>>> print(open('data15.cif').read())   # mmCIF, C-alpha atoms and all ligand atoms
data_structure
#
loop_
_atom_site.label_atom_id
_atom_site.label_comp_id
_atom_site.auth_asym_id
_atom_site.auth_seq_id
_atom_site.Cartn_x
_atom_site.Cartn_y
_atom_site.Cartn_z
CA MET G 149 9.36 -11.60 -13.48
CA PRO G 150 6.29 -9.37 -13.70
CA GLU G 151 6.91 -5.75 -14.64
CA GLY G 152 5.38 -2.77 -12.86
CA ASP G 153 2.70 -2.49 -15.54
CA THR G 154 1.48 -6.04 -14.81
CA ILE G 155 1.16 -5.22 -11.12
CA ALA G 156 -0.67 -1.97 -11.91
CA ARG G 157 -3.15 -3.87 -14.09
CA THR G 158 -3.62 -6.44 -11.33
CA ALA G 159 -4.28 -3.62 -8.87
CA ASN G 160 -6.92 -2.16 -11.20
CA VAL G 161 -8.74 -5.51 -11.43
CA LEU G 162 -8.61 -6.18 -7.69
CA ARG G 163 -9.60 -2.59 -6.82
CA ALA G 164 -12.77 -2.92 -8.89
CA ALA G 165 -13.58 -6.26 -7.25
CA LEU G 166 -12.68 -5.57 -3.63
CA VAL G 167 -12.77 -1.91 -2.57
CA ASP G 168 -15.66 -1.11 -0.18
CA ARG G 169 -16.40 -4.84 0.15
CA ARG G 170 -16.39 -6.72 3.42
CA ILE G 171 -14.10 -9.74 3.71
CA THR G 172 -16.13 -12.85 4.53
CA ASP G 173 -13.18 -15.25 4.53
CA ALA G 174 -9.40 -14.82 4.36
CA ARG G 175 -6.68 -17.42 4.54
CA ALA G 176 -3.05 -17.98 3.61
CA GLN G 177 -1.33 -21.23 2.76
CA ALA G 178 2.37 -22.19 2.71
CA GLN G 179 4.07 -22.11 -0.68
CA PRO G 180 7.65 -22.75 -1.81
CA GLY G 181 9.82 -19.80 -0.84
CA MET G 182 7.36 -18.40 1.71
CA ARG G 183 9.17 -17.71 4.97
CA ARG G 184 6.16 -17.40 7.20
CA VAL G 185 2.46 -18.02 6.71
CA PRO G 186 0.57 -15.01 8.10
CA ASP G 187 -2.67 -15.42 10.03
CA LEU G 188 -5.19 -13.68 7.79
CA SER G 189 -8.22 -14.50 9.96
CA ARG G 190 -7.85 -10.97 11.42
CA LEU G 191 -9.13 -9.67 8.08
CA ILE G 192 -12.49 -11.42 8.31
CA GLY G 193 -15.13 -8.73 8.83
CA CYS G 194 -12.79 -5.94 7.66
CA THR G 195 -13.63 -3.78 4.64
CA VAL G 196 -11.13 -3.24 1.83
CA THR G 197 -10.24 0.45 1.60
CA SER G 198 -7.57 0.51 -1.13
CA VAL G 199 -5.62 -1.57 -3.63
CA GLU G 200 -2.42 -0.11 -5.02
CA SER G 201 0.78 -1.13 -6.71
CA ARG G 202 4.07 0.25 -5.49
CA GLY G 203 6.85 -0.86 -7.79
CA LYS G 204 6.22 -4.59 -7.98
CA HIS G 205 4.54 -4.79 -4.58
CA LEU G 206 0.77 -5.07 -4.37
CA LEU G 207 -0.74 -3.43 -1.28
CA ILE G 208 -4.32 -4.13 -0.19
CA GLY G 209 -5.50 -1.81 2.59
CA PHE G 210 -8.24 -2.63 5.10
CA ASP G 211 -10.15 -0.56 7.62
CA GLY G 212 -8.55 -1.11 10.98
CA ASP G 213 -5.29 -0.03 9.34
CA LEU G 214 -3.96 -3.42 8.27
CA THR G 215 -2.20 -3.79 4.89
CA LEU G 216 -1.67 -7.02 3.01
CA ARG G 217 1.59 -6.84 1.06
CA THR G 218 2.26 -9.40 -1.66
CA HIS G 219 5.20 -9.60 -4.06
CA LEU G 220 4.77 -12.00 -6.97
CA ARG G 221 8.51 -12.56 -7.59
CA ARG G 222 8.82 -14.76 -10.68
CA THR G 223 6.05 -17.26 -10.04
CA GLY G 224 3.08 -15.44 -8.57
CA SER G 225 -0.19 -14.13 -10.00
CA TRP G 226 -3.45 -12.75 -8.62
CA HIS G 227 -6.72 -14.01 -10.08
CA ARG G 228 -10.26 -12.72 -9.57
CA TYR G 229 -13.19 -15.12 -9.64
CA ALA G 230 -16.90 -15.02 -9.03
CA PRO G 231 -18.05 -17.00 -5.97
CA GLY G 232 -18.26 -20.68 -6.94
CA GLU G 233 -16.39 -20.16 -10.22
CA ARG G 234 -13.83 -22.83 -11.08
CA TRP G 235 -10.22 -21.67 -10.51
CA HIS G 236 -7.66 -21.89 -13.32
CA ARG G 237 -4.99 -23.21 -10.94
CA PRO G 238 -5.18 -25.96 -8.31
CA ALA G 239 -6.26 -24.91 -4.81
CA ARG G 240 -3.00 -26.21 -3.35
CA ALA G 241 -1.12 -23.48 -5.28
CA ALA G 242 -3.09 -20.69 -3.55
CA SER G 243 -0.95 -18.50 -1.29
CA VAL G 244 -3.82 -16.17 -0.34
CA VAL G 245 -7.58 -16.36 -0.68
CA LEU G 246 -9.76 -13.31 0.04
CA GLU G 247 -13.51 -13.75 -0.25
CA THR G 248 -16.37 -11.26 -0.33
CA THR G 249 -20.01 -11.95 -1.13
CA SER G 250 -19.38 -10.95 -4.76
CA ALA G 251 -15.78 -11.95 -5.55
CA VAL G 252 -12.94 -14.30 -4.68
CA ALA G 253 -9.37 -13.00 -5.07
CA VAL G 254 -6.64 -15.64 -5.13
CA ALA G 255 -2.86 -15.13 -5.17
CA PHE G 256 -1.26 -18.24 -6.62
CA SER G 257 2.37 -19.33 -6.08
CA THR G 258 3.17 -16.04 -4.39
CA PRO G 259 6.13 -16.36 -2.02
CA VAL G 260 5.88 -12.97 -0.28
CA VAL G 261 2.74 -12.46 1.82
CA GLU G 262 2.73 -10.18 4.86
CA LEU G 263 0.02 -8.58 6.95
CA LEU G 264 1.37 -5.26 8.21
CA THR G 265 0.30 -2.71 10.83
CA PRO G 266 0.96 0.98 10.03
CA GLY G 267 4.14 0.82 12.15
CA GLU G 268 5.32 -2.29 10.32
CA MET G 269 4.55 -0.57 7.00
CA ARG G 270 6.79 2.35 7.99
CA ARG G 271 9.58 0.01 9.07
CA SER G 272 9.27 -2.35 6.09
CA MET G 273 12.70 -2.63 4.51
CA ALA G 274 11.19 -3.93 1.28
CA LEU G 275 8.98 -0.85 0.88
CA GLY G 276 11.25 1.72 2.52
CA SER G 277 14.20 1.00 0.25
CA LEU G 278 12.18 1.29 -2.98
CA GLY G 279 13.26 3.95 -5.44
CA PRO G 280 10.75 6.33 -7.05
CA ASP G 281 7.86 4.39 -8.62
CA LEU G 282 7.67 4.82 -12.39
CA LEU G 283 3.90 4.37 -12.26
CA ALA G 284 3.21 6.72 -9.36
CA ALA G 285 1.05 9.76 -10.18
CA GLU G 286 4.01 11.93 -9.19
CA PHE G 287 7.30 10.42 -10.35
CA ASP G 288 10.44 11.98 -8.88
CA ALA G 289 12.72 11.69 -11.91
CA ASP G 290 15.58 13.68 -10.37
CA GLU G 291 15.70 11.38 -7.35
CA ALA G 292 15.63 8.30 -9.61
CA VAL G 293 18.40 9.69 -11.83
CA SER G 294 20.63 10.36 -8.82
CA ARG G 295 19.96 6.87 -7.41
CA LEU G 296 20.77 5.33 -10.80
CA ALA G 297 23.89 7.47 -11.17
CA ALA G 298 25.06 6.25 -7.76
CA LEU G 299 25.25 2.72 -9.21
CA ASP G 300 28.07 4.03 -11.40
CA GLY G 301 30.04 0.79 -11.77
CA GLU G 302 26.96 -1.34 -12.48
CA GLU G 303 26.01 -2.29 -16.04
CA LEU G 304 22.97 -0.32 -17.22
CA GLY G 305 20.82 -3.45 -17.71
CA ASN G 306 21.37 -4.45 -14.08
CA ALA G 307 20.97 -0.93 -12.72
CA LEU G 308 17.56 -0.51 -14.38
CA LEU G 309 16.39 -3.69 -12.62
CA ASP G 310 17.51 -2.44 -9.21
CA GLN G 311 14.23 -1.54 -7.49
CA ARG G 312 16.13 0.55 -4.91
CA ALA G 313 17.12 2.95 -7.70
CA VAL G 314 13.82 3.06 -9.57
CA ALA G 315 10.78 0.83 -9.05
CA GLY G 316 8.79 -0.90 -11.79
CA ILE G 317 11.23 -2.19 -14.42
CA GLY G 318 11.46 -5.95 -15.04
CA ASN G 319 13.13 -8.14 -17.64
CA VAL G 320 11.22 -6.85 -20.65
CA TYR G 321 11.77 -3.13 -20.08
CA LYS G 322 15.39 -3.45 -19.05
CA SER G 323 15.99 -4.51 -22.70
CA GLU G 324 13.35 -2.40 -24.46
CA VAL G 325 14.19 0.91 -22.78
CA PRO G 326 17.92 0.90 -23.65
CA PHE G 327 17.01 -0.02 -27.24
CA VAL G 328 14.57 2.88 -27.60
CA GLU G 329 17.19 5.23 -26.15
CA ARG G 330 20.09 3.67 -28.11
CA LEU G 331 22.04 2.88 -24.94
CA ASN G 332 24.23 -0.21 -24.58
CA PRO G 333 22.89 -2.30 -21.68
CA TRP G 334 26.37 -3.72 -20.92
CA SER G 335 28.04 -0.32 -20.41
CA PRO G 336 28.49 0.84 -16.83
CA VAL G 337 26.13 3.55 -15.65
CA ALA G 338 29.13 5.88 -15.28
CA ASP G 339 29.42 5.94 -19.09
CA PHE G 340 26.10 7.77 -19.46
CA THR G 341 25.22 11.41 -18.86
CA GLU G 342 22.45 12.37 -16.45
CA GLU G 343 20.51 13.50 -19.49
CA GLN G 344 20.72 10.01 -21.00
CA LEU G 345 19.63 8.40 -17.73
CA HIS G 346 16.77 10.89 -17.46
CA GLY G 347 15.74 10.07 -21.03
CA ALA G 348 15.72 6.35 -20.23
CA LEU G 349 13.45 6.92 -17.22
CA VAL G 350 11.04 9.13 -19.19
CA THR G 351 10.80 6.37 -21.80
CA ALA G 352 10.35 3.68 -19.15
CA ARG G 353 7.52 5.65 -17.55
CA ARG G 354 5.84 6.28 -20.90
CA LEU G 355 6.01 2.59 -21.92
CA LEU G 356 4.86 1.30 -18.53
CA GLN G 357 1.94 3.73 -18.47
CA ALA G 358 0.93 2.82 -22.01
CA ASN G 359 0.88 -0.85 -21.05
CA THR G 360 -1.24 -0.66 -17.90
CA ARG G 361 -4.43 -0.67 -19.97
CA GLY G 362 -4.49 -4.32 -21.01
CA GLY G 363 -3.82 -6.45 -24.07
CA ALA G 364 -0.40 -7.61 -25.22
CA ARG G 365 2.58 -5.53 -24.12
CA VAL G 366 3.64 -3.09 -26.86
CA THR G 367 6.72 -0.88 -27.04
CA ALA G 368 7.30 -0.83 -30.80
CA GLY G 369 3.91 0.67 -31.61
CA ARG G 370 2.60 -2.37 -33.52
CA ARG G 371 -0.23 -4.40 -32.12
CA GLY G 372 0.14 -7.53 -34.31
CA ARG G 373 1.04 -10.86 -32.73
CA GLY G 374 4.81 -11.01 -32.17
CA GLN G 375 5.12 -7.40 -33.40
CA GLY G 376 4.89 -5.54 -30.14
CA LEU G 377 8.47 -5.52 -28.87
CA TYR G 378 11.74 -4.23 -30.32
CA VAL G 379 14.32 -6.63 -28.92
CA TYR G 380 13.01 -8.67 -25.97
CA GLY G 381 12.65 -12.32 -27.00
CA ARG G 382 13.93 -11.56 -30.52
CA ALA G 383 17.47 -13.01 -30.43
CA ALA G 384 18.88 -13.75 -33.91
CA ARG G 385 16.01 -11.87 -35.58
CA PRO G 386 16.58 -8.63 -37.53
CA CYS G 387 16.54 -5.31 -35.70
CA ARG G 388 13.36 -3.38 -36.51
CA ARG G 389 15.49 -0.27 -37.14
CA CYS G 390 18.61 -1.45 -38.95
CA GLY G 391 18.22 -5.15 -39.79
CA THR G 392 21.25 -6.26 -37.76
CA LEU G 393 20.57 -9.51 -35.90
CA ILE G 394 19.48 -8.97 -32.29
CA ARG G 395 21.75 -10.52 -29.70
CA SER G 396 21.04 -11.89 -26.25
CA GLY G 397 23.20 -12.63 -23.24
CA ARG G 398 22.88 -13.44 -19.57
CA GLN G 399 23.55 -10.46 -17.36
CA GLY G 400 24.03 -9.91 -13.65
CA SER G 401 24.23 -12.19 -10.64
CA LEU G 402 20.82 -13.67 -11.45
CA ALA G 403 21.84 -14.24 -15.10
CA ARG G 404 18.72 -12.61 -16.51
CA LEU G 405 18.59 -12.49 -20.31
CA THR G 406 19.30 -9.14 -21.93
CA PHE G 407 18.54 -8.41 -25.62
CA TRP G 408 20.14 -5.65 -27.69
CA CYS G 409 21.09 -4.55 -31.19
CA PRO G 410 24.88 -4.40 -31.47
CA ARG G 411 24.62 -1.70 -34.15
CA CYS G 412 21.94 0.63 -32.73
CA GLN G 413 23.32 0.26 -29.20
CA LYS G 414 27.07 0.53 -29.63
CA ARG G 415 29.19 0.87 -26.52
ZN ZN V 1 19.62 -1.97 -34.93
#
>>> encode(input="data15.cif", output="structure tokens")
Amino acid sequence: MPEGDTIARTANVLRAALVDRRITDARAQAQPGMRRVPDLSRLIGCTVTSVESRGKHLLIGFDGDLTLRTHLRRTGSWHRYAPGERWHRPARAASVVLETTSAVAVAFSTPVVELLTPGEMRRSMALGSLGPDLLAAEFDADEAVSRLAALDGEELGNALLDQRAVAGIGNVYKSEVPFVERLNPWSPVADFTEEQLHGALVTARRLLQANTRGGARVTAGRRGRGQGLYVYGRAARPCRRCGTLIRSGRQGSLARLTFWCPRCQKR
């Protein structure tokens, strides 16, 4: 599942390609998991006014006050092409195609595509229930800490993934952040002080921000291939701090893999 930093990078690329451009063609196509195929023909002739990430949602704004909301879930990705350039994925996998005279933006295998009016934006459950966005210019850490703390019986690894508490953390950071902060991802949130939760969010924001710029994702401060992360994807390999073998286990109702060092992150 893409992390908030991936969506922020995508927003940067699409913003440069689309903002202030007029849409010459727009279409959506059914994909697995898509509940309803929106009619995007209303966007033809509109000008793109904004592209922003909010948590893991990508919002493209148009004059005339329409907003295209996409959520990539686990399968989706946005690509930018020049007109006439060959796509890297088959056309049948395109969920959305937006064309201008200078660029073609394609969302592939993206199950969530909605065209929203301002009223629908305000009423959107998906957006309205989001916790503070770790990548927003102004991050409300106190609000995020209290939302996290309210999930007191939930294991930390699951709570960090709950976008209603705090928006932007995916599978990689829900393992990396507890490692950096020496917190056990299997302990319930109630076991941690507000200070510890606050520390985890400050670290999450710092790592996400550092990784919006491009290149391979790095949390461990080393840029070499396979060197970037502390624990994610490193099961049975030695901890970069203490040499103990990293463990992995499936966590939560969706059985997402969590990685941790049993010595550095004692319960
Ligand atoms: Zn360790």
>>> atom_distance(input="data15.cif", atom1="atom CA of G:Ala348", atom2="atom CA of G:Met273")
26.5 Å
>>> axis_aligned_box(input="data15.cif", around="stretch 328-332 of chain G", padding_each_side="3 Å", output="lines of an AutoDock Vina configuration file")
center_x = 19.4
center_y = 2.5
center_z = -26.3
size_x = 15.7
size_y = 11.4
size_z = 9.5
>>> residues_near_ligand(input="data15.cif", ligand="ligand ZN 1 (chain V)", cutoff="10 Å", atoms="all atoms listed in the file", output="JSON, numbers by chain")
{"G": [327, 330, 378, 379, 386, 387, 388, 389, 390, 391, 392, 393, 394, 408, 409, 410, 411, 412, 413, 414]}
>>> closest_atom_pairs(input="data15.cif", of="stretch 153-196 of chain G", to="stretch 257-261 of chain G", cutoff="12 Å", atoms="all atoms listed in the file", output="Markdown table")
| residue | atom | partner | partner_atom | distance |
| --- | --- | --- | --- | --- |
| G:Arg175 | CA | G:Val261 | CA | 11.0 |
| G:Ala176 | CA | G:Val261 | CA | 8.2 |
| G:Gln177 | CA | G:Val261 | CA | 9.7 |
| G:Ala178 | CA | G:Pro259 | CA | 8.4 |
| G:Gln179 | CA | G:Pro259 | CA | 6.3 |
| G:Pro180 | CA | G:Pro259 | CA | 6.6 |
| G:Gly181 | CA | G:Pro259 | CA | 5.2 |
| G:Met182 | CA | G:Pro259 | CA | 4.4 |
| G:Arg183 | CA | G:Pro259 | CA | 7.7 |
| G:Arg184 | CA | G:Val261 | CA | 8.1 |
| G:Val185 | CA | G:Val261 | CA | 7.4 |
| G:Pro186 | CA | G:Val261 | CA | 7.1 |
| G:Asp187 | CA | G:Val261 | CA | 10.3 |
| G:Leu188 | CA | G:Val261 | CA | 10.0 |
>>> write_last_selection(input="data15.cif", atoms="C-alpha atoms", output="short mmCIF file (atom, residue, chain, number, x, y, z; two decimals), keeping the file's coordinate frame")
data_model
loop_
_atom_site.label_atom_id
_atom_site.label_comp_id
_atom_site.auth_asym_id
_atom_site.auth_seq_id
_atom_site.Cartn_x
_atom_site.Cartn_y
_atom_site.Cartn_z
CA ARG G 175 -6.68 -17.42 4.54
CA ALA G 176 -3.05 -17.98 3.61
CA GLN G 177 -1.33 -21.23 2.76
CA ALA G 178 2.37 -22.19 2.71
CA GLN G 179 4.07 -22.11 -0.68
CA PRO G 180 7.65 -22.75 -1.81
CA GLY G 181 9.82 -19.80 -0.84
CA MET G 182 7.36 -18.40 1.71
CA ARG G 183 9.17 -17.71 4.97
CA ARG G 184 6.16 -17.40 7.20
CA VAL G 185 2.46 -18.02 6.71
CA PRO G 186 0.57 -15.01 8.10
CA ASP G 187 -2.67 -15.42 10.03
CA LEU G 188 -5.19 -13.68 7.79
#
>>> closest_residue(input="data15.cif", among="G:Asp281, G:Asp211, G:Glu286, G:Glu302", to="G:Pro266", atoms="only C-alpha atoms")
G:Asp211
>>> closest_residue(input="data15.cif", among="G:Asp153, G:Glu200, G:Glu262, G:Asp290", to="G:Val244", atoms="all atoms listed in the file")
G:Glu262
>>> atom_distance(input="data15.cif", atom1="atom CA of G:Ala297", atom2="atom CA of G:Val337")
6.4 Å
>>> closest_residue(input="data15.cif", among="G:Arg354, G:Arg222, G:Arg202, G:Arg237", to="G:Pro280", atoms="only C-alpha atoms")
G:Arg202
>>> build_atoms(input="data15.cif", residues="stretch 363-387 of chain G", atoms="N, CA and C atoms", output="PDB file, in the frame of the given file")
ATOM      1  N   GLY G 363      -4.269  -5.958 -22.768  1.00  0.00           N
ATOM      2  CA  GLY G 363      -3.820  -6.450 -24.070  1.00  0.00           C
ATOM      3  C   GLY G 363      -2.350  -6.803 -24.028  1.00  0.00           C
ATOM      4  N   ALA G 364      -1.798  -7.206 -25.172  1.00  0.00           N
ATOM      5  CA  ALA G 364      -0.400  -7.610 -25.220  1.00  0.00           C
ATOM      6  C   ALA G 364       0.505  -6.401 -25.000  1.00  0.00           C
ATOM      7  N   ARG G 365       1.667  -6.635 -24.396  1.00  0.00           N
ATOM      8  CA  ARG G 365       2.580  -5.530 -24.120  1.00  0.00           C
ATOM      9  C   ARG G 365       3.179  -5.033 -25.426  1.00  0.00           C
ATOM     10  N   VAL G 366       3.162  -3.703 -25.619  1.00  0.00           N
ATOM     11  CA  VAL G 366       3.640  -3.090 -26.860  1.00  0.00           C
ATOM     12  C   VAL G 366       4.616  -1.982 -26.528  1.00  0.00           C
ATOM     13  N   THR G 367       5.796  -2.013 -27.143  1.00  0.00           N
ATOM     14  CA  THR G 367       6.720  -0.880 -27.040  1.00  0.00           C
ATOM     15  C   THR G 367       7.017  -0.328 -28.432  1.00  0.00           C
ATOM     16  N   ALA G 368       6.888  -1.197 -29.448  1.00  0.00           N
ATOM     17  CA  ALA G 368       7.300  -0.830 -30.800  1.00  0.00           C
ATOM     18  C   ALA G 368       6.163  -0.181 -31.588  1.00  0.00           C
ATOM     19  N   GLY G 369       5.007  -0.024 -30.962  1.00  0.00           N
ATOM     20  CA  GLY G 369       3.910   0.670 -31.610  1.00  0.00           C
ATOM     21  C   GLY G 369       3.098  -0.185 -32.567  1.00  0.00           C
ATOM     22  N   ARG G 370       3.374  -1.497 -32.633  1.00  0.00           N
ATOM     23  CA  ARG G 370       2.600  -2.370 -33.520  1.00  0.00           C
ATOM     24  C   ARG G 370       1.868  -3.380 -32.672  1.00  0.00           C
ATOM     25  N   ARG G 371       0.606  -3.568 -32.967  1.00  0.00           N
ATOM     26  CA  ARG G 371      -0.230  -4.400 -32.120  1.00  0.00           C
ATOM     27  C   ARG G 371      -0.279  -5.865 -32.588  1.00  0.00           C
ATOM     28  N   GLY G 372       0.252  -6.169 -33.786  1.00  0.00           N
ATOM     29  CA  GLY G 372       0.140  -7.530 -34.310  1.00  0.00           C
ATOM     30  C   GLY G 372       0.853  -8.551 -33.428  1.00  0.00           C
ATOM     31  N   ARG G 373       0.440  -9.792 -33.522  1.00  0.00           N
ATOM     32  CA  ARG G 373       1.040 -10.860 -32.730  1.00  0.00           C
ATOM     33  C   ARG G 373       2.545 -10.955 -33.032  1.00  0.00           C
ATOM     34  N   GLY G 374       3.371 -10.915 -31.983  1.00  0.00           N
ATOM     35  CA  GLY G 374       4.810 -11.010 -32.170  1.00  0.00           C
ATOM     36  C   GLY G 374       5.440  -9.737 -32.703  1.00  0.00           C
ATOM     37  N   GLN G 375       4.652  -8.664 -32.815  1.00  0.00           N
ATOM     38  CA  GLN G 375       5.120  -7.400 -33.400  1.00  0.00           C
ATOM     39  C   GLN G 375       5.374  -6.333 -32.349  1.00  0.00           C
ATOM     40  N   GLY G 376       4.972  -6.600 -31.132  1.00  0.00           N
ATOM     41  CA  GLY G 376       4.890  -5.540 -30.140  1.00  0.00           C
ATOM     42  C   GLY G 376       6.220  -5.033 -29.605  1.00  0.00           C
ATOM     43  N   LEU G 377       7.234  -5.904 -29.551  1.00  0.00           N
ATOM     44  CA  LEU G 377       8.470  -5.520 -28.870  1.00  0.00           C
ATOM     45  C   LEU G 377       9.615  -5.336 -29.852  1.00  0.00           C
ATOM     46  N   TYR G 378      10.580  -4.495 -29.468  1.00  0.00           N
ATOM     47  CA  TYR G 378      11.740  -4.230 -30.320  1.00  0.00           C
ATOM     48  C   TYR G 378      12.785  -5.347 -30.246  1.00  0.00           C
ATOM     49  N   VAL G 379      13.202  -5.682 -29.039  1.00  0.00           N
ATOM     50  CA  VAL G 379      14.320  -6.630 -28.920  1.00  0.00           C
ATOM     51  C   VAL G 379      14.045  -7.805 -27.979  1.00  0.00           C
ATOM     52  N   TYR G 380      13.218  -7.613 -26.951  1.00  0.00           N
ATOM     53  CA  TYR G 380      13.010  -8.670 -25.970  1.00  0.00           C
ATOM     54  C   TYR G 380      12.447  -9.922 -26.640  1.00  0.00           C
ATOM     55  N   GLY G 381      13.109 -11.057 -26.421  1.00  0.00           N
ATOM     56  CA  GLY G 381      12.650 -12.320 -27.000  1.00  0.00           C
ATOM     57  C   GLY G 381      12.914 -12.458 -28.484  1.00  0.00           C
ATOM     58  N   ARG G 382      13.735 -11.559 -29.062  1.00  0.00           N
ATOM     59  CA  ARG G 382      13.930 -11.560 -30.520  1.00  0.00           C
ATOM     60  C   ARG G 382      15.373 -11.894 -30.917  1.00  0.00           C
ATOM     61  N   ALA G 383      16.082 -12.672 -30.107  1.00  0.00           N
ATOM     62  CA  ALA G 383      17.470 -13.010 -30.430  1.00  0.00           C
ATOM     63  C   ALA G 383      17.558 -13.635 -31.813  1.00  0.00           C
ATOM     64  N   ALA G 384      18.580 -13.220 -32.573  1.00  0.00           N
ATOM     65  CA  ALA G 384      18.880 -13.750 -33.910  1.00  0.00           C
ATOM     66  C   ALA G 384      17.849 -13.332 -34.960  1.00  0.00           C
ATOM     67  N   ARG G 385      16.939 -12.418 -34.580  1.00  0.00           N
ATOM     68  CA  ARG G 385      16.010 -11.870 -35.580  1.00  0.00           C
ATOM     69  C   ARG G 385      16.440 -10.450 -35.910  1.00  0.00           C
ATOM     70  N   PRO G 386      16.050  -9.941 -37.112  1.00  0.00           N
ATOM     71  CA  PRO G 386      16.580  -8.630 -37.530  1.00  0.00           C
ATOM     72  C   PRO G 386      16.028  -7.479 -36.695  1.00  0.00           C
ATOM     73  N   CYS G 387      16.916  -6.544 -36.392  1.00  0.00           N
ATOM     74  CA  CYS G 387      16.540  -5.310 -35.700  1.00  0.00           C
ATOM     75  C   CYS G 387      15.469  -4.590 -36.492  1.00  0.00           C
TER      76      CYS G 387
END
